[in-house]
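Data file: final.pdb. Format and content: PDB, C-alpha atoms, pLDDT in the B column.
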```pdb
MODEL        1
ATOM      1  CA  MET P   1      53.834   7.849  -8.634  1.00 63.00           C
ATOM      2  CA  LYS P   2      54.712   5.786  -5.621  1.00 74.00           C
ATOM      3  CA  GLN P   3      56.792   2.686  -6.202  1.00 79.00           C
ATOM      4  CA  ARG P   4      56.154  -0.456  -4.254  1.00 78.00           C
ATOM      5  CA  PRO P   5      59.207  -2.175  -2.850  1.00 79.00           C
ATOM      6  CA  ARG P   6      60.223  -5.199  -4.880  1.00 74.00           C
ATOM      7  CA  LYS P   7      60.328  -8.679  -3.497  1.00 73.00           C
ATOM      8  CA  PRO P   8      63.907  -9.873  -3.138  1.00 74.00           C
ATOM      9  CA  ALA P   9      64.998 -12.075  -6.015  1.00 68.00           C
ATOM     10  CA  ILE P  10      65.636 -15.667  -5.080  1.00 67.00           C
ATOM     11  CA  PRO P  11      68.558 -16.916  -7.143  1.00 64.00           C
ATOM     12  CA  ARG P  12      68.390 -20.296  -8.817  1.00 60.00           C
ATOM     13  CA  THR P  13      70.663 -23.059  -7.648  1.00 60.00           C
ATOM     14  CA  ALA P  14      73.765 -23.803  -9.701  1.00 57.00           C
ATOM     15  CA  GLU P  15      72.203 -26.980 -11.102  1.00 61.00           C
ATOM     16  CA  GLU P  16      68.989 -25.277 -12.210  1.00 72.00           C
ATOM     17  CA  THR P  17      69.515 -22.980 -15.169  1.00 83.00           C
ATOM     18  CA  VAL P  18      66.797 -21.007 -16.919  1.00 86.00           C
ATOM     19  CA  ARG P  19      66.638 -23.621 -19.662  1.00 86.00           C
ATOM     20  CA  HIS P  20      66.328 -26.485 -17.181  1.00 88.00           C
ATOM     21  CA  ALA P  21      63.493 -24.654 -15.447  1.00 88.00           C
ATOM     22  CA  LEU P  22      61.904 -23.948 -18.842  1.00 90.00           C
ATOM     23  CA  ALA P  23      62.118 -27.621 -19.874  1.00 89.00           C
ATOM     24  CA  ASP P  24      60.610 -28.749 -16.560  1.00 88.00           C
ATOM     25  CA  LEU P  25      57.801 -26.228 -16.926  1.00 89.00           C
ATOM     26  CA  LEU P  26      56.914 -27.164 -20.507  1.00 89.00           C
ATOM     27  CA  ALA P  27      57.031 -30.901 -19.810  1.00 87.00           C
ATOM     28  CA  GLY P  28      53.761 -30.627 -17.892  1.00 80.00           C
ATOM     29  CA  PHE P  29      52.033 -27.613 -19.442  1.00 85.00           C
ATOM     30  CA  THR P  30      51.090 -25.956 -22.704  1.00 91.00           C
ATOM     31  CA  LEU P  31      51.931 -22.285 -22.192  1.00 92.00           C
ATOM     32  CA  SER P  32      52.429 -19.045 -24.102  1.00 92.00           C
ATOM     33  CA  ALA P  33      55.646 -17.041 -23.868  1.00 92.00           C
ATOM     34  CA  ARG P  34      53.919 -14.505 -21.615  1.00 93.00           C
ATOM     35  CA  GLU P  35      52.857 -17.192 -19.143  1.00 92.00           C
ATOM     36  CA  ILE P  36      56.358 -18.671 -19.193  1.00 92.00           C
ATOM     37  CA  SER P  37      57.959 -15.296 -18.505  1.00 91.00           C
ATOM     38  CA  VAL P  38      55.650 -14.713 -15.537  1.00 90.00           C
ATOM     39  CA  SER P  39      56.382 -18.081 -13.977  1.00 89.00           C
ATOM     40  CA  LEU P  40      60.176 -17.963 -14.571  1.00 87.00           C
ATOM     41  CA  ARG P  41      60.444 -14.231 -13.851  1.00 88.00           C
ATOM     42  CA  ILE P  42      62.452 -13.338 -16.947  1.00 89.00           C
ATOM     43  CA  ALA P  43      61.675 -11.001 -19.845  1.00 91.00           C
ATOM     44  CA  GLU P  44      59.326 -12.262 -22.538  1.00 89.00           C
ATOM     45  CA  LYS P  45      61.838 -11.373 -25.272  1.00 90.00           C
ATOM     46  CA  GLU P  46      64.406 -13.695 -23.696  1.00 91.00           C
ATOM     47  CA  ILE P  47      61.985 -16.628 -23.768  1.00 92.00           C
ATOM     48  CA  TYR P  48      62.152 -16.998 -27.555  1.00 91.00           C
ATOM     49  CA  SER P  49      65.938 -17.430 -27.657  1.00 91.00           C
ATOM     50  CA  HIS P  50      65.773 -19.962 -24.823  1.00 91.00           C
ATOM     51  CA  LEU P  51      62.994 -21.844 -26.643  1.00 92.00           C
ATOM     52  CA  GLU P  52      65.038 -21.975 -29.854  1.00 91.00           C
ATOM     53  CA  HIS P  53      67.994 -23.477 -28.012  1.00 91.00           C
ATOM     54  CA  LEU P  54      65.710 -25.834 -26.098  1.00 90.00           C
ATOM     55  CA  ARG P  55      64.153 -27.015 -29.379  1.00 89.00           C
ATOM     56  CA  LYS P  56      67.581 -28.169 -30.597  1.00 88.00           C
ATOM     57  CA  SER P  57      68.518 -29.785 -27.280  1.00 87.00           C
ATOM     58  CA  ILE P  58      65.267 -31.706 -27.000  1.00 86.00           C
ATOM     59  CA  HIS P  59      65.467 -32.851 -30.613  1.00 84.00           C
ATOM     60  CA  ALA P  60      68.914 -34.347 -29.925  1.00 84.00           C
ATOM     61  CA  SER P  61      67.467 -36.396 -27.068  1.00 82.00           C
ATOM     62  CA  GLY P  62      64.527 -37.637 -29.148  1.00 84.00           C
ATOM     63  CA  GLY P  63      61.808 -35.287 -27.896  1.00 85.00           C
ATOM     64  CA  THR P  64      60.028 -32.463 -29.675  1.00 88.00           C
ATOM     65  CA  LEU P  65      59.023 -28.918 -28.872  1.00 89.00           C
ATOM     66  CA  GLU P  66      55.457 -28.696 -30.104  1.00 91.00           C
ATOM     67  CA  VAL P  67      54.207 -25.276 -31.140  1.00 91.00           C
ATOM     68  CA  THR P  68      50.513 -24.481 -31.469  1.00 92.00           C
ATOM     69  CA  PRO P  69      50.650 -21.890 -34.264  1.00 93.00           C
ATOM     70  CA  PRO P  70      49.308 -18.356 -33.844  1.00 94.00           C
ATOM     71  CA  GLU P  71      46.017 -17.447 -35.508  1.00 94.00           C
ATOM     72  CA  CYS P  72      44.480 -14.199 -36.761  1.00 94.00           C
ATOM     73  CA  ARG P  73      41.503 -13.232 -34.642  1.00 93.00           C
ATOM     74  CA  ARG P  74      39.762 -11.411 -37.484  1.00 93.00           C
ATOM     75  CA  CYS P  75      39.972 -13.736 -40.503  1.00 93.00           C
ATOM     76  CA  GLY P  76      41.111 -16.981 -38.849  1.00 92.00           C
ATOM     77  CA  PHE P  77      44.357 -17.374 -40.829  1.00 93.00           C
ATOM     78  CA  VAL P  78      46.628 -19.935 -39.112  1.00 93.00           C
ATOM     79  CA  PHE P  79      50.410 -19.478 -39.375  1.00 93.00           C
ATOM     80  CA  VAL P  80      51.138 -23.188 -39.936  1.00 91.00           C
ATOM     81  CA  LYS P  81      54.318 -22.883 -42.045  1.00 89.00           C
ATOM     82  CA  ARG P  82      56.019 -20.396 -39.726  1.00 86.00           C
ATOM     83  CA  ASP P  83      59.373 -21.660 -38.405  1.00 87.00           C
ATOM     84  CA  ARG P  84      60.113 -18.754 -36.094  1.00 88.00           C
ATOM     85  CA  LEU P  85      58.869 -19.068 -32.540  1.00 89.00           C
ATOM     86  CA  ASN P  86      58.049 -15.411 -31.882  1.00 89.00           C
ATOM     87  CA  PRO P  87      54.548 -14.199 -32.803  1.00 89.00           C
ATOM     88  CA  PRO P  88      54.020 -12.431 -36.158  1.00 91.00           C
ATOM     89  CA  GLY P  89      53.301  -8.714 -36.288  1.00 91.00           C
ATOM     90  CA  LYS P  90      50.222  -8.820 -38.489  1.00 92.00           C
ATOM     91  CA  CYS P  91      48.163 -11.132 -40.651  1.00 92.00           C
ATOM     92  CA  PRO P  92      49.325 -11.445 -44.288  1.00 92.00           C
ATOM     93  CA  VAL P  93      45.726 -11.849 -45.484  1.00 93.00           C
ATOM     94  CA  CYS P  94      43.744  -9.090 -43.751  1.00 94.00           C
ATOM     95  CA  ARG P  95      46.658  -7.051 -42.259  1.00 93.00           C
ATOM     96  CA  HIS P  96      44.994  -7.116 -38.844  1.00 92.00           C
ATOM     97  CA  GLU P  97      47.314  -7.026 -35.824  1.00 93.00           C
ATOM     98  CA  ALA P  98      45.186  -9.002 -33.346  1.00 93.00           C
ATOM     99  CA  ILE P  99      46.908 -12.383 -33.423  1.00 93.00           C
ATOM    100  CA  THR P 100      46.801 -15.110 -30.779  1.00 93.00           C
ATOM    101  CA  GLU P 101      50.072 -16.070 -29.136  1.00 92.00           C
ATOM    102  CA  PRO P 102      51.769 -19.340 -30.068  1.00 93.00           C
ATOM    103  CA  LEU P 103      51.621 -22.028 -27.381  1.00 93.00           C
ATOM    104  CA  PHE P 104      54.537 -24.304 -26.483  1.00 93.00           C
ATOM    105  CA  THR P 105      54.836 -27.744 -24.927  1.00 92.00           C
ATOM    106  CA  ILE P 106      57.404 -30.539 -24.821  1.00 91.00           C
ATOM    107  CA  ARG P 107      56.620 -34.069 -25.954  1.00 88.00           C
ATOM    108  CA  LEU P 108      59.090 -36.678 -24.740  1.00 82.00           C
ATOM    109  CA  PRO P 109      59.678 -40.026 -26.495  1.00 78.00           C
ATOM    110  CA  GLN P 110      57.301 -42.834 -25.510  1.00 71.00           C
ATOM    111  CA  GLY P 111      59.896 -44.666 -23.420  1.00 60.00           C
ATOM    112  CA  ARG P 112      60.791 -41.593 -21.365  1.00 52.00           C
ATOM    113  CA  LYS P 113      57.785 -40.336 -19.443  1.00 50.00           C
ATOM    114  CA  ASP P 114      58.404 -37.413 -17.121  1.00 49.00           C
ATOM    115  CA  GLU P 115      57.746 -38.057 -13.462  1.00 45.00           C
ATOM    116  CA  THR P 116      55.478 -35.038 -13.217  1.00 46.00           C
ATOM    117  CA  PRO P 117      51.813 -35.705 -14.024  1.00 45.00           C
ATOM    118  CA  GLU P 118      49.773 -33.381 -16.215  1.00 48.00           C
ATOM    119  CA  ARG P 119      48.971 -30.226 -14.270  1.00 48.00           C
ATOM    120  CA  SER P 120      46.643 -27.356 -14.918  1.00 46.00           C
ATOM    121  CA  VAL P 121      47.743 -23.783 -15.484  1.00 45.00           C
ATOM    122  CA  GLU P 122      45.835 -22.697 -12.390  1.00 47.00           C
ATOM    123  CA  GLU P 123      48.036 -24.967 -10.229  1.00 48.00           C
ATOM    124  CA  LEU P 124      51.118 -23.301 -11.678  1.00 43.00           C
ATOM    125  CA  PHE P 125      50.049 -19.780 -10.810  1.00 43.00           C
ATOM    126  CA  ASP P 126      48.614 -20.696  -7.405  1.00 47.00           C
ATOM    127  CA  SER P 127      51.994 -21.814  -6.079  1.00 44.00           C
TER
ENDMDL
END
```

Take the structure in the file and write it out as structure tokens.
Amino acid sequence: MKQRPRKPAIPRTAEETVRHALADLLAGFTLSAREISVSLRIAEKEIYSHLEHLRKSIHASGGTLEVTPPECRRCGFVFVKRDRLNPPGKCPVCRHEAITEPLFTIRLPQGRKDETPERSVEELFDS
């Protein structure tokens, strides 16, 4: 199998960490962990630890990390009481493994609106 040459990695500036980029991204979008990993170019498994830390940081500043809970595609069970951010392995009701991914977004306090307007996911992946 022939391997394509990789694009050179563009390092982030010293001021912009992964978590800063993640917070900026989620302030304007509602995204899954897979979409976040594609746009930030880091592994999907790393996203969940960054989100957990970001949840605590945002809570201290008065904002919230809103999570749209995953749902079973077969029986429709919604994982509302789940505290963990990573997706569950299978449904506790029907034991089916086809489960939608949780979606994440950041809601800032009313007095602190972000300068970035609401954007669509297509705009994110076009740039």

Tell me which protein, DNA and RNA residues are within 7 Å of Phe79 of chain P, counting all atoms listed in the file, leaving out same-chain ones fewer than 5 positions away, and put them as a list in words. Pro69, Pro70 and Glu71 of chain P

Mind pulling up the distance from atom CA of Thr30 of chain P to atom CA of Pro8 of chain P?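 Atom CA of Thr30 of chain P lies 28.4 Å from atom CA of Pro8 of chain P.
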
Expand the PyMOL selection byres ((chain P and resi 15-23) around 12) into the individual residues it matches in the shown file, reporting them as an MDAnalysis selection string. chainID P and resid 11:14 24:33 35:43 46:58 63:65 104:108 114 116

Those residues with C-alpha atoms, as a CSV table (one decimal), keeping the file's coordinate frame please?
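File selection25.csv, as written:
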```csv
chain,number,residue,atom,x,y,z
P,11,PRO,CA,68.6,-16.9,-7.1
P,12,ARG,CA,68.4,-20.3,-8.8
P,13,THR,CA,70.7,-23.1,-7.6
P,14,ALA,CA,73.8,-23.8,-9.7
P,24,ASP,CA,60.6,-28.7,-16.6
P,25,LEU,CA,57.8,-26.2,-16.9
P,26,LEU,CA,56.9,-27.2,-20.5
P,27,ALA,CA,57.0,-30.9,-19.8
P,28,GLY,CA,53.8,-30.6,-17.9
P,29,PHE,CA,52.0,-27.6,-19.4
P,30,THR,CA,51.1,-26.0,-22.7
P,31,LEU,CA,51.9,-22.3,-22.2
P,32,SER,CA,52.4,-19.0,-24.1
P,33,ALA,CA,55.6,-17.0,-23.9
P,35,GLU,CA,52.9,-17.2,-19.1
P,36,ILE,CA,56.4,-18.7,-19.2
P,37,SER,CA,58.0,-15.3,-18.5
P,38,VAL,CA,55.6,-14.7,-15.5
P,39,SER,CA,56.4,-18.1,-14.0
P,40,LEU,CA,60.2,-18.0,-14.6
P,41,ARG,CA,60.4,-14.2,-13.9
P,42,ILE,CA,62.5,-13.3,-16.9
P,43,ALA,CA,61.7,-11.0,-19.8
P,46,GLU,CA,64.4,-13.7,-23.7
P,47,ILE,CA,62.0,-16.6,-23.8
P,48,TYR,CA,62.2,-17.0,-27.6
P,49,SER,CA,65.9,-17.4,-27.7
P,50,HIS,CA,65.8,-20.0,-24.8
P,51,LEU,CA,63.0,-21.8,-26.6
P,52,GLU,CA,65.0,-22.0,-29.9
P,53,HIS,CA,68.0,-23.5,-28.0
P,54,LEU,CA,65.7,-25.8,-26.1
P,55,ARG,CA,64.2,-27.0,-29.4
P,56,LYS,CA,67.6,-28.2,-30.6
P,57,SER,CA,68.5,-29.8,-27.3
P,58,ILE,CA,65.3,-31.7,-27.0
P,63,GLY,CA,61.8,-35.3,-27.9
P,64,THR,CA,60.0,-32.5,-29.7
P,65,LEU,CA,59.0,-28.9,-28.9
P,104,PHE,CA,54.5,-24.3,-26.5
P,105,THR,CA,54.8,-27.7,-24.9
P,106,ILE,CA,57.4,-30.5,-24.8
P,107,ARG,CA,56.6,-34.1,-26.0
P,108,LEU,CA,59.1,-36.7,-24.7
P,114,ASP,CA,58.4,-37.4,-17.1
P,116,THR,CA,55.5,-35.0,-13.2
```

What's around Arg95 of chain P at 12 Å? Count all atoms listed in the file, leave out sequence neighbours fewer than 3 positions away in its own chain, and write the answer as a list in words.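 So, after excluding close chain neighbours, the residues are Cys72, Arg73, Arg74, Cys75, Gly76, Phe77, Pro88, Gly89, Lys90, Cys91, Pro92, Ala98 and Ile99 of chain P.
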
Interatomic distance (Å, one decimal) between atom CA of Val80 of chain P and atom CA of Val67 of chain P: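 Between these atoms lies a distance of 9.5 Å.
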
One-decimal distance in Å that lies between atom CA of Asp83 of chain P and atom CA of Ala60 of chain P: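 According to the coordinates, atom CA of Ala60 of chain P and atom CA of Asp83 of chain P are separated by 18.0 Å.
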